[in-house]
$ cat work.pdb   # PDB, C-alpha atoms
ATOM      1  CA  MET Q 814      19.621  -6.085  -8.347
ATOM      2  CA  LEU Q 815      16.132  -7.616  -8.696
ATOM      3  CA  LYS Q 816      15.763  -6.931 -12.386
ATOM      4  CA  GLN Q 817      14.284  -9.765 -14.398
ATOM      5  CA  ALA Q 818      14.679 -10.068 -18.150
ATOM      6  CA  ASP Q 819      11.552  -9.842 -20.286
ATOM      7  CA  SER Q 820      12.613 -13.105 -21.924
ATOM      8  CA  GLU Q 821      11.630 -14.884 -18.710
ATOM      9  CA  TYR Q 822       7.973 -13.992 -19.340
ATOM     10  CA  ARG Q 823       5.979 -15.601 -22.133
ATOM     11  CA  THR Q 824       2.631 -13.775 -21.954
ATOM     12  CA  ILE Q 825       3.380 -10.322 -20.494
ATOM     13  CA  ARG Q 826       5.968  -7.580 -20.830
ATOM     14  CA  VAL Q 827       7.608  -6.396 -17.608
ATOM     15  CA  THR Q 828       9.620  -3.167 -17.480
ATOM     16  CA  PRO Q 829      11.276  -2.798 -14.064
ATOM     17  CA  GLU Q 830      12.394   0.410 -12.424
ATOM     18  CA  PRO Q 831      16.215   0.775 -12.331
ATOM     19  CA  ALA Q 832      16.530  -0.589  -8.773
ATOM     20  CA  GLY Q 833      14.089  -3.434  -9.419
ATOM     21  CA  PHE Q 834      11.583  -1.963  -6.964
ATOM     22  CA  GLY Q 835       8.477  -1.192  -9.008
ATOM     23  CA  ALA Q 836       7.669  -2.266 -12.555
ATOM     24  CA  GLU Q 837       5.237  -1.692 -15.405
ATOM     25  CA  ILE Q 838       3.300  -4.658 -16.789
ATOM     26  CA  THR Q 839       1.811  -4.487 -20.282
ATOM     27  CA  GLY Q 840       0.586  -6.904 -22.908
ATOM     28  CA  LEU Q 841      -2.656  -7.975 -21.265
ATOM     29  CA  ASP Q 842      -6.247  -6.811 -20.815
ATOM     30  CA  LEU Q 843      -7.409  -6.939 -17.222
ATOM     31  CA  TRP Q 844     -11.055  -6.522 -18.150
ATOM     32  CA  ARG Q 845     -11.222 -10.221 -19.004
ATOM     33  CA  PRO Q 846     -10.064 -13.232 -16.974
ATOM     34  CA  LEU Q 847      -6.364 -13.974 -17.353
ATOM     35  CA  SER Q 848      -5.137 -17.364 -18.484
ATOM     36  CA  GLY Q 849      -3.470 -19.498 -15.867
ATOM     37  CA  GLU Q 850      -0.047 -18.782 -17.360
ATOM     38  CA  ALA Q 851      -0.588 -15.020 -17.554
ATOM     39  CA  LEU Q 852      -1.895 -14.874 -13.990
ATOM     40  CA  ALA Q 853       1.090 -16.866 -12.730
ATOM     41  CA  GLU Q 854       3.467 -14.473 -14.493
ATOM     42  CA  VAL Q 855       1.681 -11.423 -13.067
ATOM     43  CA  LYS Q 856       1.960 -12.882  -9.584
ATOM     44  CA  ALA Q 857       5.638 -13.698 -10.134
ATOM     45  CA  ALA Q 858       6.375 -10.148 -11.315
ATOM     46  CA  PHE Q 859       4.422  -8.754  -8.375
ATOM     47  CA  ALA Q 860       6.396 -10.830  -5.873
ATOM     48  CA  ARG Q 861       9.643  -9.757  -7.508
ATOM     49  CA  HIS Q 862       8.982  -6.010  -7.834
ATOM     50  CA  ALA Q 863       6.451  -5.346  -4.999
ATOM     51  CA  VAL Q 864       4.758  -2.416  -6.799
ATOM     52  CA  VAL Q 865       3.394  -3.031 -10.301
ATOM     53  CA  ARG Q 866       1.437  -0.712 -12.558
ATOM     54  CA  PHE Q 867      -0.881  -1.648 -15.420
ATOM     55  CA  PRO Q 868      -1.432   1.355 -17.749
ATOM     56  CA  ASP Q 869      -4.462   1.832 -19.999
ATOM     57  CA  GLN Q 870      -6.898  -0.455 -18.206
ATOM     58  CA  PRO Q 871     -10.450   0.956 -18.655
ATOM     59  CA  LEU Q 872     -12.016  -1.281 -16.030
ATOM     60  CA  THR Q 873     -15.545  -1.175 -14.711
ATOM     61  CA  LEU Q 874     -15.987  -1.741 -10.985
ATOM     62  CA  ASP Q 875     -17.178  -5.288 -11.724
ATOM     63  CA  GLN Q 876     -13.967  -5.925 -13.656
ATOM     64  CA  LEU Q 877     -11.817  -4.410 -10.924
ATOM     65  CA  GLU Q 878     -13.448  -6.723  -8.384
ATOM     66  CA  ALA Q 879     -13.049  -9.727 -10.691
ATOM     67  CA  PHE Q 880      -9.331  -9.080 -11.232
ATOM     68  CA  THR Q 881      -8.815  -8.595  -7.503
ATOM     69  CA  LEU Q 882     -10.354 -12.001  -6.863
ATOM     70  CA  GLN Q 883      -7.939 -13.543  -9.358
ATOM     71  CA  ILE Q 884      -5.116 -12.305  -7.135
ATOM     72  CA  GLY Q 885      -6.823 -13.521  -3.945
ATOM     73  CA  PRO Q 886      -9.907 -13.161  -1.722
ATOM     74  CA  PHE Q 887     -10.970  -9.699  -0.608
ATOM     75  CA  GLY Q 888      -9.412  -8.241   2.504
ATOM     76  CA  ASP Q 889     -11.319  -6.549   5.300
ATOM     77  CA  ASP Q 890     -11.370  -2.724   5.042
ATOM     78  CA  PRO Q 891     -12.366  -1.136   8.369
ATOM     79  CA  PHE Q 892     -13.074   2.469   9.378
ATOM     80  CA  ILE Q 893     -14.039   3.703   5.891
ATOM     81  CA  LYS Q 894     -17.540   3.425   4.451
ATOM     82  CA  PRO Q 895     -17.417   1.439   1.178
ATOM     83  CA  MET Q 896     -19.278   2.263  -2.007
ATOM     84  CA  GLN Q 897     -23.021   1.682  -2.013
ATOM     85  CA  GLY Q 898     -23.700  -1.942  -2.919
ATOM     86  CA  ARG Q 899     -19.981  -2.732  -3.142
ATOM     87  CA  PRO Q 900     -18.709  -3.707   0.307
ATOM     88  CA  ASN Q 901     -15.239  -4.480  -1.036
ATOM     89  CA  VAL Q 902     -14.600  -1.262  -2.972
ATOM     90  CA  LEU Q 903     -13.564   2.057  -1.466
ATOM     91  CA  GLU Q 904     -13.916   5.237  -3.474
ATOM     92  CA  LEU Q 905     -11.074   7.612  -2.674
ATOM     93  CA  ARG Q 906     -12.682  10.852  -3.804
ATOM     94  CA  ARG Q 907     -11.555  14.398  -3.088
ATOM     95  CA  GLU Q 908     -13.667  17.216  -4.480
ATOM     96  CA  PRO Q 909     -12.102  20.428  -5.844
ATOM     97  CA  ASP Q 910     -13.365  22.500  -2.893
ATOM     98  CA  GLU Q 911     -12.136  20.167  -0.119
ATOM     99  CA  LYS Q 912      -9.677  21.595   2.396
ATOM    100  CA  ALA Q 913      -9.140  18.468   4.514
ATOM    101  CA  THR Q 914      -5.772  16.772   4.288
ATOM    102  CA  ASN Q 915      -5.617  14.333   1.398
ATOM    103  CA  PHE Q 916      -6.309  10.730   2.395
ATOM    104  CA  GLY Q 917      -3.221   8.585   3.001
ATOM    105  CA  ALA Q 918      -0.898  11.506   3.774
ATOM    106  CA  GLY Q 919       1.445   9.602   6.075
ATOM    107  CA  TRP Q 920       3.819   6.659   5.660
ATOM    108  CA  HIS Q 921       1.951   3.414   6.334
ATOM    109  CA  SER Q 922       1.360  -0.189   5.316
ATOM    110  CA  ASP Q 923      -2.360  -0.749   4.822
ATOM    111  CA  TRP Q 924      -4.169  -2.030   7.902
ATOM    112  CA  SER Q 925      -0.999  -3.388   9.566
ATOM    113  CA  PHE Q 926      -2.900  -3.279  12.875
ATOM    114  CA  GLN Q 927      -5.010  -6.268  11.781
ATOM    115  CA  ALA Q 928      -4.166  -9.810  12.890
ATOM    116  CA  GLU Q 929      -3.867 -10.721   9.210
ATOM    117  CA  PRO Q 930      -3.085  -7.496   7.288
ATOM    118  CA  PRO Q 931      -3.896  -7.382   3.568
ATOM    119  CA  ALA Q 932      -1.275  -8.905   1.302
ATOM    120  CA  ALA Q 933      -1.981  -6.480  -1.516
ATOM    121  CA  THR Q 934      -3.814  -3.275  -2.288
ATOM    122  CA  LEU Q 935      -5.152  -2.426  -5.754
ATOM    123  CA  LEU Q 936      -5.863   1.173  -6.694
ATOM    124  CA  ARG Q 937      -7.267   2.291 -10.028
ATOM    125  CA  SER Q 938      -7.323   5.885 -11.218
ATOM    126  CA  GLU Q 939     -10.614   7.240 -12.539
ATOM    127  CA  VAL Q 940     -10.003  11.018 -12.449
ATOM    128  CA  VAL Q 941      -6.401  12.235 -12.195
ATOM    129  CA  PRO Q 942      -5.750  15.914 -11.409
ATOM    130  CA  PRO Q 943      -3.308  17.801 -13.668
ATOM    131  CA  VAL Q 944      -0.936  18.465 -10.768
ATOM    132  CA  GLY Q 945       0.151  16.634  -7.611
ATOM    133  CA  GLY Q 946      -1.181  13.359  -6.297
ATOM    134  CA  ASP Q 947       1.919  11.165  -6.643
ATOM    135  CA  THR Q 948       2.163   8.071  -4.439
ATOM    136  CA  LEU Q 949       5.540   7.295  -2.871
ATOM    137  CA  PHE Q 950       6.593   3.759  -1.963
ATOM    138  CA  CYS Q 951       9.349   2.577   0.356
ATOM    139  CA  ASP Q 952      11.208  -0.686  -0.284
ATOM    140  CA  CYS Q 953      11.186  -2.127   3.238
ATOM    141  CA  ALA Q 954      13.072  -5.257   2.168
ATOM    142  CA  ARG Q 955      16.023  -3.394   0.666
ATOM    143  CA  ALA Q 956      16.010  -0.996   3.632
ATOM    144  CA  TYR Q 957      16.301  -3.983   5.964
ATOM    145  CA  GLU Q 958      19.080  -5.539   3.894
ATOM    146  CA  ALA Q 959      21.088  -2.307   4.096
ATOM    147  CA  LEU Q 960      21.254  -2.479   7.899
ATOM    148  CA  SER Q 961      24.378  -3.716   9.665
ATOM    149  CA  PRO Q 962      24.524  -7.324  10.903
ATOM    150  CA  THR Q 963      24.567  -5.997  14.470
ATOM    151  CA  MET Q 964      21.385  -3.971  13.952
ATOM    152  CA  LYS Q 965      19.678  -6.925  12.266
ATOM    153  CA  ALA Q 966      20.545  -9.140  15.214
ATOM    154  CA  MET Q 967      19.147  -6.602  17.661
ATOM    155  CA  LEU Q 968      15.878  -6.257  15.712
ATOM    156  CA  ALA Q 969      15.356  -9.985  15.097
ATOM    157  CA  PRO Q 970      13.447 -10.836  18.311
ATOM    158  CA  LEU Q 971      11.519  -7.562  18.586
ATOM    159  CA  ARG Q 972       7.755  -7.246  18.130
ATOM    160  CA  ALA Q 973       6.290  -3.941  17.024
ATOM    161  CA  VAL Q 974       2.953  -2.762  18.429
ATOM    162  CA  HIS Q 975       0.418  -1.597  15.825
ATOM    163  CA  SER Q 976      -2.784   0.400  16.295
ATOM    164  CA  ALA Q 977      -5.210   2.412  14.169
ATOM    165  CA  GLY Q 978      -5.820   4.793  17.064
ATOM    166  CA  ARG Q 979      -3.712   7.693  15.796
ATOM    167  CA  ALA Q 980      -5.823   7.849  12.665
ATOM    168  CA  TYR Q 981      -9.272   6.355  13.367
ATOM    169  CA  GLY Q 982      -9.434   6.249  17.165
ATOM    170  CA  THR Q 983     -11.697   8.326  19.380
ATOM    171  CA  LYS Q 984      -8.915  10.876  19.834
ATOM    172  CA  GLY Q 985      -7.285  10.336  16.461
ATOM    173  CA  VAL Q 986      -6.690  12.637  13.518
ATOM    174  CA  PHE Q 987     -10.076  12.035  11.905
ATOM    175  CA  ALA Q 988     -11.964  12.447  15.203
ATOM    176  CA  ARG Q 989     -10.443  15.922  15.546
ATOM    177  CA  GLU Q 990     -11.006  16.887  11.939
ATOM    178  CA  THR Q 991     -13.119  19.994  11.324
ATOM    179  CA  GLU Q 992     -12.888  20.349   7.532
ATOM    180  CA  LYS Q 993     -15.481  18.741   5.230
ATOM    181  CA  ARG Q 994     -14.443  15.408   3.717
ATOM    182  CA  THR Q 995     -16.258  13.520   0.952
ATOM    183  CA  MET Q 996     -14.951  10.138   2.068
ATOM    184  CA  GLN Q 997     -16.912   8.831   5.033
ATOM    185  CA  ILE Q 998     -14.495   7.941   7.809
ATOM    186  CA  ILE Q 999     -15.710   5.753  10.698
ATOM    187  CA  VAL Q1000     -14.166   6.804  14.005
ATOM    188  CA  SER Q1001     -14.314   3.893  16.448
ATOM    189  CA  GLU Q1002     -13.118   2.721  19.853
ATOM    190  CA  GLU Q1003     -12.041  -0.477  18.109
ATOM    191  CA  ALA Q1004      -9.315   1.531  16.367
ATOM    192  CA  ASP Q1005      -7.611   2.128  19.706
ATOM    193  CA  ARG Q1006      -6.875  -1.581  20.140
ATOM    194  CA  GLN Q1007      -3.253  -2.698  19.874
ATOM    195  CA  LEU Q1008      -1.715  -5.765  18.268
ATOM    196  CA  ALA Q1009       1.917  -6.868  17.992
ATOM    197  CA  HIS Q1010       3.691  -8.276  14.920
ATOM    198  CA  PRO Q1011       7.334  -9.176  14.301
ATOM    199  CA  LEU Q1012       9.248  -5.966  13.613
ATOM    200  CA  VAL Q1013      11.023  -7.857  10.826
ATOM    201  CA  ARG Q1014       8.711 -10.121   8.847
ATOM    202  CA  THR Q1015       9.514 -12.800   6.292
ATOM    203  CA  HIS Q1016       7.712 -12.627   2.960
ATOM    204  CA  PRO Q1017       5.660 -15.825   2.497
ATOM    205  CA  VAL Q1018       6.434 -15.986  -1.256
ATOM    206  CA  THR Q1019       9.974 -14.691  -1.703
ATOM    207  CA  GLY Q1020      11.406 -15.489   1.720
ATOM    208  CA  ARG Q1021      12.983 -12.025   1.916
ATOM    209  CA  LYS Q1022      12.953 -10.222   5.239
ATOM    210  CA  ALA Q1023      11.528  -6.705   5.481
ATOM    211  CA  LEU Q1024      10.938  -4.084   8.138
ATOM    212  CA  PHE Q1025       7.247  -4.219   9.054
ATOM    213  CA  ILE Q1026       6.630  -0.903  10.773
ATOM    214  CA  SER Q1027       5.273   2.516   9.834
ATOM    215  CA  PRO Q1028       4.959   5.965  11.434
ATOM    216  CA  VAL Q1029       1.149   5.941  11.166
ATOM    217  CA  TYR Q1030       0.320   2.541  12.659
ATOM    218  CA  THR Q1031       3.354   1.484  14.741
ATOM    219  CA  VAL Q1032       3.026   2.919  18.245
ATOM    220  CA  GLY Q1033       5.758   1.101  20.142
ATOM    221  CA  ILE Q1034       7.870  -2.013  20.646
ATOM    222  CA  GLU Q1035       6.941  -4.743  23.111
ATOM    223  CA  GLY Q1036       9.063  -4.762  26.268
ATOM    224  CA  LEU Q1037      10.628  -1.345  25.660
ATOM    225  CA  THR Q1038       9.827   1.999  27.257
ATOM    226  CA  PRO Q1039       8.214   4.675  25.067
ATOM    227  CA  LYS Q1040      11.531   6.549  24.841
ATOM    228  CA  GLU Q1041      13.422   3.390  23.907
ATOM    229  CA  SER Q1042      10.810   2.531  21.290
ATOM    230  CA  GLN Q1043      10.875   6.057  19.903
ATOM    231  CA  ALA Q1044      14.661   5.972  19.577
ATOM    232  CA  ILE Q1045      14.682   2.717  17.585
ATOM    233  CA  LEU Q1046      11.604   3.446  15.496
ATOM    234  CA  GLY Q1047      12.720   7.007  14.775
ATOM    235  CA  PHE Q1048      16.045   5.766  13.454
ATOM    236  CA  LEU Q1049      14.379   3.093  11.313
ATOM    237  CA  PHE Q1050      11.775   5.455   9.861
ATOM    238  CA  GLY Q1051      14.515   7.876   8.834
ATOM    239  CA  HIS Q1052      16.541   5.031   7.359
ATOM    240  CA  MET Q1053      13.626   3.529   5.423
ATOM    241  CA  THR Q1054      12.547   6.772   3.796
ATOM    242  CA  GLN Q1055      15.922   7.645   2.305
ATOM    243  CA  GLU Q1056      15.720   8.477  -1.393
ATOM    244  CA  GLU Q1057      17.564   5.304  -2.402
ATOM    245  CA  PHE Q1058      14.679   3.149  -1.138
ATOM    246  CA  ILE Q1059      11.834   5.231  -2.643
ATOM    247  CA  TYR Q1060       9.829   4.710  -5.828
ATOM    248  CA  ARG Q1061       7.677   7.676  -6.881
ATOM    249  CA  HIS Q1062       4.563   6.664  -8.777
ATOM    250  CA  ARG Q1063       3.054   9.236 -11.134
ATOM    251  CA  TRP Q1064      -0.549   8.553 -12.034
ATOM    252  CA  ARG Q1065      -2.273   8.540 -15.382
ATOM    253  CA  GLU Q1066      -5.977   7.986 -15.919
ATOM    254  CA  LYS Q1067      -7.239   4.410 -16.286
ATOM    255  CA  MET Q1068      -4.112   3.017 -14.613
ATOM    256  CA  LEU Q1069      -4.220   0.166 -12.105
ATOM    257  CA  LEU Q1070      -1.559  -0.055  -9.427
ATOM    258  CA  MET Q1071      -0.987  -3.024  -7.142
ATOM    259  CA  TRP Q1072       1.392  -3.019  -4.180
ATOM    260  CA  ASP Q1073       2.592  -5.529  -1.621
ATOM    261  CA  ASN Q1074       1.810  -4.442   1.944
ATOM    262  CA  ARG Q1075       4.078  -7.160   3.333
ATOM    263  CA  CYS Q1076       7.284  -5.452   2.202
ATOM    264  CA  THR Q1077       6.399  -1.822   1.430
ATOM    265  CA  MET Q1078       4.923   1.262   2.995
ATOM    266  CA  HIS Q1079       3.493   4.174   1.046
ATOM    267  CA  PHE Q1080       2.629   7.862   1.263
ATOM    268  CA  ALA Q1081      -0.036   9.717  -0.751
ATOM    269  CA  GLU Q1082       1.061  13.213  -1.721
ATOM    270  CA  GLY Q1083      -1.377  16.097  -2.051
ATOM    271  CA  GLY Q1084      -0.757  19.182  -4.153
ATOM    272  CA  TYR Q1085      -3.963  19.042  -6.171
ATOM    273  CA  ASP Q1086      -6.210  21.461  -4.282
ATOM    274  CA  GLY Q1087      -8.880  22.851  -6.578
ATOM    275  CA  HIS Q1088      -9.041  19.669  -8.670
ATOM    276  CA  LEU Q1089     -11.189  16.546  -8.528
ATOM    277  CA  ARG Q1090      -9.409  13.241  -7.842
ATOM    278  CA  VAL Q1091     -11.217   9.898  -7.917
ATOM    279  CA  MET Q1092      -9.681   6.466  -7.299
ATOM    280  CA  HIS Q1093     -11.178   3.035  -6.582
ATOM    281  CA  ARG Q1094      -9.497   0.662  -4.168
ATOM    282  CA  THR Q1095      -9.706  -3.003  -3.209
ATOM    283  CA  THR Q1096      -7.513  -5.163  -0.965
ATOM    284  CA  VAL Q1097      -6.455  -8.793  -1.066
ATOM    285  CA  ALA Q1098      -6.513 -10.783   2.169
ATOM    286  CA  GLY Q1099      -3.172 -11.678   3.721
ATOM    287  CA  ASP Q1100      -1.885 -13.872   6.519
ATOM    288  CA  ARG Q1101      -0.404 -13.409   9.980
ATOM    289  CA  PRO Q1102       3.083 -11.879   9.771
ATOM    290  CA  VAL Q1103       5.967 -14.154  10.770
TER     291      VAL Q1103
END

$ encode --input "work.pdb" --output "structure tokens"
Amino acid sequence: MLKQADSEYRTIRVTPEPAGFGAEITGLDLWRPLSGEALAEVKAAFARHAVVRFPDQPLTLDQLEAFTLQIGPFGDDPFIKPMQGRPNVLELRREPDEKATNFGAGWHSDWSFQAEPPAATLLRSEVVPPVGGDTLFCDCARAYEALSPTMKAMLAPLRAVHSAGRAYGTKGVFARETEKRTMQIIVSEEADRQLAHPLVRTHPVTGRKALFISPVYTVGIEGLTPKESQAILGFLFGHMTQEEFIYRHRWREKMLLMWDNRCTMHFAEGGYDGHLRVMHRTTVAGDRPV
């Protein structure tokens, strides 16, 4: 599959998941700037495996921001109030007494409704509850590759319509929410705007094609009726989320995870009611999907 031998890396150790989707990277300290060679190898492993985890990284927020900037410039994070004095860091905090649905509980690719969605998201665990809280990832490239040639040909010219309205719009999930939430969500009319991207996008680094849609942010397909769009998207969502395309990430404290929004979508599980969970998140700017 996509597995790469450790012998191909000189400065880091890469342990891939069996299918090649997802990997653990060890042998480096992210609290200090990486050498040019180490950074190049991290980026190569990231492009190859799409979801990479770095265990045992006791980073300060300054160090998290500094590592993010080594990967690329900060992305734009709308509709969520950032940490005080840190416009590029979101604190994903859920207190033990919160009853609101856990943040991220729906399959999505971060901010795909933007003209230039973030290339990568970095999430570091600060407080991990003893139960629940796994993050599931879907390999959208392998899901695309498993489709028939006829289906691929049909999808090739299509453009999917993305919007943040279902979540952050004036009539979205958060606008209707009644339970207390620690995270400060910004409901906005801007979230109701729509933008189209290729339904199948080509990764700018690897050249692999991947399905670029998600149940949360994809609201239709250009030129098709709602029923026609629903039929195609419904089939694809069911196809993409089959077990064979899923990597389940189990968190440990002081772990940094980085995923590629250009070829994955993810789902944050709950199951930790009664426990504190604290994560810190940054994004890396991307480019217009093609």

$ closest_residue --input "work.pdb" --among "Q:Arg899, Q:Val944, Q:Ala857, Q:Ala863" --to "Q:Leu1089" --atoms "only C-alpha atoms"
Q:Val944

$ closest_residue --input "work.pdb" --among "Q:Ser1001, Q:Thr1015, Q:Ser961, Q:Gln1055" --to "Q:Ala988" --atoms "only C-alpha atoms"
Q:Ser1001

$ closest_residue --input "work.pdb" --among "Q:Val1091, Q:Leu971, Q:Met1071, Q:Leu960" --to "Q:Val855" --atoms "all atoms listed in the file"
Q:Met1071

$ atom_distance --input "work.pdb" --atom1 "atom CA of Q:Glu939" --atom2 "atom CA of Q:Val827"
23.3 Å

$ residues_near_point --input "work.pdb" --point "(15.3, -12.6, 12.8)" --cutoff "12 Å" --atoms "all atoms listed in the file" --output "list of chain:residue names"
Q:Tyr957, Q:Glu958, Q:Pro962, Q:Thr963, Q:Met964, Q:Lys965, Q:Ala966, Q:Met967, Q:Leu968, Q:Ala969, Q:Pro970, Q:Leu971, Q:Arg972, Q:Pro1011, Q:Leu1012, Q:Val1013, Q:Arg1014, Q:Thr1015, Q:Arg1021, Q:Lys1022, Q:Ala1023, Q:Leu1024, Q:Val1103

$ resolve_selection --input "work.pdb" --expression "the PyMOL selection byres ((chain Q and resi 891) around 10)" --output "list of chain:residue names"
Q:Gly888, Q:Asp889, Q:Asp890, Q:Phe892, Q:Ile893, Q:Lys894, Q:Pro895, Q:Trp924, Q:Gln927, Q:Ala977, Q:Tyr981, Q:Ile998, Q:Ile999, Q:Val1000, Q:Ser1001, Q:Glu1003, Q:Ala1004

$ atom_distance --input "work.pdb" --atom1 "atom CA of Q:Phe867" --atom2 "atom CA of Q:Thr1019"
21.8 Å

$ resolve_selection --input "work.pdb" --expression "the PyMOL selection byres ((chain Q and resi 1077) around 6)" --output "ChimeraX atom specification"
/Q:951-953,1074,1076,1078

$ atom_distance --input "work.pdb" --atom1 "atom CA of Q:Phe859" --atom2 "atom CA of Q:Ala836"
8.4 Å

$ resolve_selection --input "work.pdb" --expression "the PyMOL selection byres ((chain Q and resi 1097) around 12)" --output "ChimeraX atom specification"
/Q:878-890,901-902,923-924,929-936,1071-1075,1094-1096,1098-1100

$ closest_residue --input "work.pdb" --among "Q:Pro868, Q:Gly985, Q:Pro1102, Q:Gly835" --to "Q:Leu1069" --atoms "only C-alpha atoms"
Q:Pro868

$ closest_residue --input "work.pdb" --among "Q:Lys912, Q:Gln876, Q:Leu1049, Q:His862" --to "Q:Thr991" --atoms "all atoms listed in the file"
Q:Lys912

$ build_atoms --input "work.pdb" --residues "stretch 952-963 of chain Q" --atoms "N, CA, C and O atoms" --output "compact mmCIF listing (two decimals), keeping the file's coordinate frame"
# COMPACT_ATOMS: atom_id res chain seq x y z
N ASP Q 952 10.80 0.71 -0.18
CA ASP Q 952 11.21 -0.69 -0.28
C ASP Q 952 11.72 -1.16 1.08
O ASP Q 952 12.89 -0.99 1.42
N CYS Q 953 10.84 -1.74 1.87
CA CYS Q 953 11.19 -2.13 3.24
C CYS Q 953 12.11 -3.33 3.29
O CYS Q 953 12.80 -3.54 4.30
N ALA Q 954 12.15 -4.12 2.22
CA ALA Q 954 13.07 -5.26 2.17
C ALA Q 954 14.50 -4.77 1.92
O ALA Q 954 15.43 -5.17 2.63
N ARG Q 955 14.68 -3.90 0.95
CA ARG Q 955 16.02 -3.39 0.67
C ARG Q 955 16.52 -2.52 1.81
O ARG Q 955 17.72 -2.52 2.12
N ALA Q 956 15.61 -1.80 2.47
CA ALA Q 956 16.01 -1.00 3.63
C ALA Q 956 16.51 -1.91 4.75
O ALA Q 956 17.51 -1.60 5.42
N TYR Q 957 15.84 -3.03 4.95
CA TYR Q 957 16.30 -3.98 5.96
C TYR Q 957 17.67 -4.54 5.59
O TYR Q 957 18.58 -4.63 6.43
N GLU Q 958 17.83 -4.92 4.34
CA GLU Q 958 19.08 -5.54 3.89
C GLU Q 958 20.27 -4.60 4.01
O GLU Q 958 21.42 -5.05 4.12
N ALA Q 959 20.01 -3.29 4.00
CA ALA Q 959 21.09 -2.31 4.10
C ALA Q 959 21.57 -2.09 5.53
O ALA Q 959 22.56 -1.39 5.74
N LEU Q 960 20.85 -2.64 6.51
CA LEU Q 960 21.25 -2.48 7.90
C LEU Q 960 22.48 -3.34 8.21
O LEU Q 960 22.76 -4.33 7.55
N SER Q 961 23.20 -2.96 9.24
CA SER Q 961 24.38 -3.72 9.66
C SER Q 961 23.96 -5.05 10.27
O SER Q 961 22.83 -5.19 10.78
N PRO Q 962 24.84 -6.05 10.25
CA PRO Q 962 24.52 -7.32 10.90
C PRO Q 962 24.19 -7.15 12.38
O PRO Q 962 23.32 -7.85 12.91
N THR Q 963 24.84 -6.23 13.06
CA THR Q 963 24.57 -6.00 14.47
C THR Q 963 23.15 -5.46 14.68
O THR Q 963 22.42 -5.91 15.58
